[in-house]
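Below is one structure, written out as C-alpha cells, with a few remarks after it.
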Amino acid sequence: MFPKCKITEPDLLEYINNVKPIDVRQTLDKVEQSFSDFLNLLSPAAVDYIPEIREKAKCVKSFHFGKTIRLYAPLYISNYCINSCEYCGFKNNMHFERKRLTMDEVLREARVIASYGIRSLLLVSGEDPKYIDVNFLASVVKELKNEFSYISIEIAPMPEEDYKILFEAGVHGLTLYQETYDRETYDRLHVLGPKSDYEKRLEFVEGGARAGFYNIGLGALLGLYDWRMESVSMAAHAMYLKKKYWKTKIAFSFPRITQIAGGFTPPNELNEDELEQMMLAFRIFFKEADLYISTRETAEFRRKVLETSATHLSAASVVVPGGYYESSKEGTDLEQFSLNDTRSVQDIAEDIKLSGLEPVFKDWDTCLG
C-alpha cells in the first residue's frame with residue numbers, strides 16, 4: 001500500500017468485498033463521490049453495473065473535456081539501464097545490442113514524429129545516468145521546443161534541482177511510475193540498481209512537484225500485484241499530492257504488462273474488463289484528471305475507453321531508440337514492451353473522428369505559460 005494511506009490493506013479488502021449492489025447504485029446517483037464511493041466502483045459488486053458506470057463516466061468526461069482526445073508520441077533516447085527490474089525489456093542482464101541517441105539522432109527522430117502532425121512529446125529513457133544526464137536532457141529539450149509545444153519526461157528519477165533545470169528548459173510534465181505500491185512485491189522485483197529504493201522513488205515524485213512541473217503522472221505496472229489494491233494506492237498517492245502540491249495537476253496511466261523478451265509472467269494478470277472497470281472508477285472519482293492509455297492495448301479496447309474515460313492517447317509509438325527514422329529496425333532491437341495497436345497516426349485520428357470525438361495534436365503553447 002501507499003505508505004501514507006491511513007487504512008490497512010486487509011480493512012480495504014474487507015470493505016471492497018462486502019460492497020452491496022445498493023451501495024454501487026447510490027454511488028452512481030451522487031453528483032460528487034467520496035473515497036468510499038471510489039471503492040464501491042472498484043468492487044466485485046460493481047461488475048453488474050458496468051453499463052451504468054460507463055454512462056456515468058461518459059457524462060463526467062464529456063462535461064470536463066468535451067470531445068477532445070489529445071494525441072502524443074514517445075521518443076526513446078536510450079535503452080541502456082543500470083537496473084534489473086524483472087519485468088522490463090531494458091533490464092541490464094538482457095543481452096541485446098543497446099543504443100543511445102546523439103543530439104542529432106534525437107532531432108532526426110523528432111522530425112519524423114513532427115511530420116505526423118503530433119506536437120506533444122514524451123521523452124523516455126532507461127536509467128542511463130552517465131549519458132542521459134540533466135545537461136544533455138536540457139539541451140535536447142531546448143532544441144525540441146522549436147517543434148513541440150508540450151514536452152514531458154519519463155526517465156530515471158532526478159534530484160529536485162535537476163528537475164528545476166529541466167522545467168526551465170521547457171519540460172512541463174513528469175511521469176514516474178511506482179511500478180507497484182506493494183512493498184514486498186517491489187523489493188522482490190527490484191533487487192539491483194538505484195530503483196531498489198522504494199521510499200526514495202516516492203520522494204522523487206514530490207521533488208518534481210516542488211520543481212514546478214505542471215503535470216505529474218502516476219501509475220502502477222498492472223499485473224505485478226492485485227489491481228484493486230494498486231488502484232487504491234494510486235488514488236491515495238494522488239490525494240496526498242493534490243493536498244500538498246495544489247498547483248500541480250495529477251494524471252494517471254494504466255500500463256498493463258505485455259510480453260517481452262525473457263518471458264516474464266505477470267503474477268497478478270488482469271483482463272480488459274478489469275482494466276476498464278479501473279479506468280471508469282478513476283474517471284468518476286478524479287473528474288478533472290487526465291487519463292492516459294498507450295499502444296500496449298488493442299485498438300478495440302482503446303476505442304472503447306476513449307468514449308468513457310481516457311483523455312490522452314499515444315499514437316504510432318516506437319519503443320526502441322532510433323526506431324522512427326530507421327523503421328526497418330523496429331521489432332529487432334531491444335523493446336521495453338510489446339505493442340498491440342500499431343495503426344498510423346492518420347488511421348487513429350480518423351477512427352477518433354468516426355467515434356464522434358476530436359483528435360487534438362497540439363493543446364499547449366508558450367503564450368499560456
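All residue names refer to the C-alpha cells as shown: chains lettered A, B, ... in order, residues numbered from 1 in each chain, ligands numbered from 1 in order.
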
- List every residue of range 151-369 of chain A that DSSP, applied to the backbone of this structure, places in helix (DSSP H, G or I), and write the result as a PyMOL selection string. chain A and resi 160-169+183-189+194-196+198-211+227-244+272-285+299-308+327-329+345-354+366-368

- Task: Find the residues around range 27-30 of chain A up to 8 Å (only C-alpha atoms counted), leave out those fewer than 5 positions away in its own chain, and share them as a VMD selection string.
- Result: chain A and resid 37 40 to 41 52 to 53 56

Keeping only N, CA and C atoms, write the selected residues as a PDB file, in the first residue's frame.
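Contents of the output file out-v2.pdb:
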```
ATOM      1  N   ASP A  37     -16.995   5.840  -2.193  1.00  0.00           N
ATOM      2  CA  ASP A  37     -17.645   5.611  -3.486  1.00  0.00           C
ATOM      3  C   ASP A  37     -16.651   5.073  -4.512  1.00  0.00           C
ATOM      4  N   ASN A  40     -16.389   1.564  -3.893  1.00  0.00           N
ATOM      5  CA  ASN A  40     -17.592   0.878  -4.387  1.00  0.00           C
ATOM      6  C   ASN A  40     -17.483   0.580  -5.881  1.00  0.00           C
ATOM      7  N   LEU A  41     -16.943   1.539  -6.636  1.00  0.00           N
ATOM      8  CA  LEU A  41     -16.816   1.366  -8.093  1.00  0.00           C
ATOM      9  C   LEU A  41     -15.774   0.317  -8.461  1.00  0.00           C
ATOM     10  N   GLU A  52     -24.051   0.998 -16.615  1.00  0.00           N
ATOM     11  CA  GLU A  52     -24.432   2.251 -15.977  1.00  0.00           C
ATOM     12  C   GLU A  52     -23.201   3.073 -15.586  1.00  0.00           C
ATOM     13  N   ILE A  53     -22.141   2.382 -15.158  1.00  0.00           N
ATOM     14  CA  ILE A  53     -20.906   3.088 -14.795  1.00  0.00           C
ATOM     15  C   ILE A  53     -20.295   3.737 -16.028  1.00  0.00           C
ATOM     16  N   LYS A  56     -22.172   6.940 -16.669  1.00  0.00           N
ATOM     17  CA  LYS A  56     -21.784   7.967 -15.707  1.00  0.00           C
ATOM     18  C   LYS A  56     -20.422   8.552 -16.063  1.00  0.00           C
TER      19      LYS A  56
END
```

- Message: So, with only C-alpha atoms as the atoms that count, which of A:Asn17, A:Ser231, A:Ser139, A:Asn146 lies closest to Ala281 in chain A?
- Response: A:Ser231

- Message: So that I can check the surroundings of range 266-275 of chain A, please list as a count of residues only every protein, DNA and RNA residue that reaches within 6 Å of it, counting only C-alpha atoms and ignoring chain neighbours fewer than 2 positions away.
- Response: 6

- Item | Contacts of Glu143 in chain A at 10 Å (only C-alpha atoms; same-chain gap of 3+ positions) as a list in words | Met103, Val106, Leu107, Leu137, Ala138, Ser139, Val140, Asn146, Glu147, Phe148, Ala169 and Gly170 of chain A

- Have a look at CA of Met1 in chain A and CA of Val47 in chain A and let me know their distance in Å, one decimal. 23.5 Å

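Computed from the coordinates, the CA of Gly208 in chain A to CA of Cys5 in chain A distance equals 20.7 Å.
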
Sorted per-residue table, range 196-270 of chain A near range 284-305 of chain A, closest atoms and distance, 9 Å, only C-alpha atoms, as a tab-separated table:
```
residue	atom	partner	partner_atom	distance
A:Gly217	CA	A:Asp290	CA	8.8
A:Ala235	CA	A:Phe286	CA	8.6
A:Lys249	CA	A:Ala289	CA	7.3
A:Ile250	CA	A:Ala289	CA	6.2
A:Ala251	CA	A:Asp290	CA	4.8
A:Phe252	CA	A:Leu291	CA	5.0
A:Ser253	CA	A:Tyr292	CA	4.7
A:Phe254	CA	A:Ile293	CA	6.2
A:Pro255	CA	A:Ser294	CA	7.0
A:Arg256	CA	A:Arg296	CA	7.1
A:Ile257	CA	A:Arg296	CA	8.1
A:Thr258	CA	A:Arg296	CA	6.8
```

- Task: Check the DSSP output for the backbone and give back, as a count of residues only, the residues of range 180-247 of chain A in strand (DSSP E or B).
- Result: 7

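Proximity to Asp104 in chain A was assessed for A:Ser196, A:Ala73, A:Gly322, A:Lys91 counting only C-alpha atoms; the smallest distance is recorded for A:Gly322.
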
- Message: If we count only C-alpha atoms and set the cut-off at 8 Å, which residues sit around range 114-125 of chain A, ignoring sequence neighbours fewer than 6 positions away in its own chain? Please answer as a PyMOL selection string.
- Response: chain A and resi 71-80+132+147-156+345-346+361-362

Taking C-alpha atoms for each residue, export the selection above as an mmCIF file, in the first residue's frame.
```cif
data_model
loop_
_atom_site.group_PDB
_atom_site.id
_atom_site.type_symbol
_atom_site.label_atom_id
_atom_site.label_comp_id
_atom_site.auth_asym_id
_atom_site.auth_seq_id
_atom_site.Cartn_x
_atom_site.Cartn_y
_atom_site.Cartn_z
ATOM 1 C CA LEU A 71 -2.501 12.599 -29.119
ATOM 2 C CA TYR A 72 1.131 12.235 -28.125
ATOM 3 C CA ALA A 73 4.137 10.122 -29.058
ATOM 4 C CA PRO A 74 7.027 8.700 -27.024
ATOM 5 C CA LEU A 75 10.616 9.278 -28.149
ATOM 6 C CA TYR A 76 13.084 6.774 -26.698
ATOM 7 C CA ILE A 77 16.568 8.206 -26.185
ATOM 8 C CA SER A 78 18.413 5.239 -24.659
ATOM 9 C CA ASN A 79 17.704 1.599 -23.834
ATOM 10 C CA TYR A 80 20.749 1.242 -21.598
ATOM 11 C CA ILE A 132 21.379 10.740 -20.111
ATOM 12 C CA GLU A 147 8.974 21.913 -32.944
ATOM 13 C CA PHE A 148 6.906 20.707 -29.982
ATOM 14 C CA SER A 149 4.563 22.765 -27.841
ATOM 15 C CA TYR A 150 4.415 20.297 -24.950
ATOM 16 C CA ILE A 151 7.226 18.048 -23.679
ATOM 17 C CA SER A 152 7.059 15.623 -20.782
ATOM 18 C CA ILE A 153 9.585 13.118 -19.464
ATOM 19 C CA GLU A 154 9.556 9.514 -18.315
ATOM 20 C CA ILE A 155 13.174 8.997 -17.337
ATOM 21 C CA ALA A 156 15.295 7.978 -14.363
ATOM 22 C CA VAL A 345 -1.441 8.417 -36.661
ATOM 23 C CA GLN A 346 -3.747 9.164 -39.573
ATOM 24 C CA PHE A 361 -2.424 17.327 -31.933
ATOM 25 C CA LYS A 362 -1.467 20.496 -30.092
#
```

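From CA of Lys145 in chain A back to CA of Pro129 in chain A, the distance works out to 22.8 Å.
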
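Across A:Ala349, A:Gly66, A:Tyr131, A:Thr175, the tightest approach to Thr102 in chain A is made by A:Tyr131 when counting only C-alpha atoms.
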
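Using only C-alpha atoms, the nearest neighbour of Ser355 in chain A within the list A:Asn83, A:Thr185, A:Asn135, A:Thr68 is A:Thr68.
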
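Within 12 Å of Phe65 in chain A, once only C-alpha atoms are used and residues closer than 3 positions along the same chain are dropped, the contacting residues are Ala57, Lys58, Cys59, Val60, Lys61, Ser62, Thr68, Ile69, Arg70, Arg283, Lys287, Glu288, Ala289, Asp290, Leu291, Leu306, Glu307, Thr308, Ser309, Ala310, Thr311, His312, Leu357, Glu358 and Val360 of chain A.
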
Write the residues of the preceding selection, restricted to C-alpha atoms, as a JSON list (two decimals), in the first residue's frame.
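And here's result-v1.json as it stands now:
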```
[["chain", "number", "residue", "atom", "x", "y", "z"],
["A", 57, "ALA", "CA", -18.12, 8.14, -16.71],
["A", 58, "LYS", "CA", -19.02, 9.27, -20.21],
["A", 59, "CYS", "CA", -21.07, 12.17, -18.82],
["A", 60, "VAL", "CA", -18.27, 13.19, -16.46],
["A", 61, "LYS", "CA", -15.67, 13.07, -19.23],
["A", 62, "SER", "CA", -17.86, 15.00, -21.65],
["A", 68, "THR", "CA", -11.20, 16.24, -27.34],
["A", 69, "ILE", "CA", -8.70, 13.38, -27.39],
["A", 70, "ARG", "CA", -5.10, 14.52, -27.12],
["A", 283, "ARG", "CA", -12.69, 8.89, -14.28],
["A", 287, "LYS", "CA", -13.20, 14.10, -12.61],
["A", 288, "GLU", "CA", -10.65, 16.59, -13.94],
["A", 289, "ALA", "CA", -7.63, 14.26, -14.13],
["A", 290, "ASP", "CA", -6.01, 13.29, -17.42],
["A", 291, "LEU", "CA", -6.08, 9.54, -18.05],
["A", 306, "LEU", "CA", -11.79, 6.93, -25.31],
["A", 307, "GLU", "CA", -15.54, 7.44, -25.14],
["A", 308, "THR", "CA", -15.81, 6.95, -21.38],
["A", 309, "SER", "CA", -12.55, 7.66, -19.56],
["A", 310, "ALA", "CA", -9.24, 8.23, -21.41],
["A", 311, "THR", "CA", -8.19, 11.72, -22.47],
["A", 312, "HIS", "CA", -4.69, 11.07, -23.85],
["A", 357, "LEU", "CA", -14.63, 12.76, -30.92],
["A", 358, "GLU", "CA", -11.96, 15.27, -31.95],
["A", 360, "VAL", "CA", -6.04, 17.20, -30.82]]
```

- Could you give me, as a ChimeraX atom specification, the residues within 10 Å of Asp162 in chain A, counting only C-alpha atoms and dropping anything in the same chain fewer than 5 positions from it? /A:133-135,138,157,167-168,207-208,211

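Of the listed residues A:Lys195, A:Arg111, A:Arg54, A:Arg188, the one whose atoms come nearest to Cys81 in chain A is A:Lys195, with distances taken using only C-alpha atoms.
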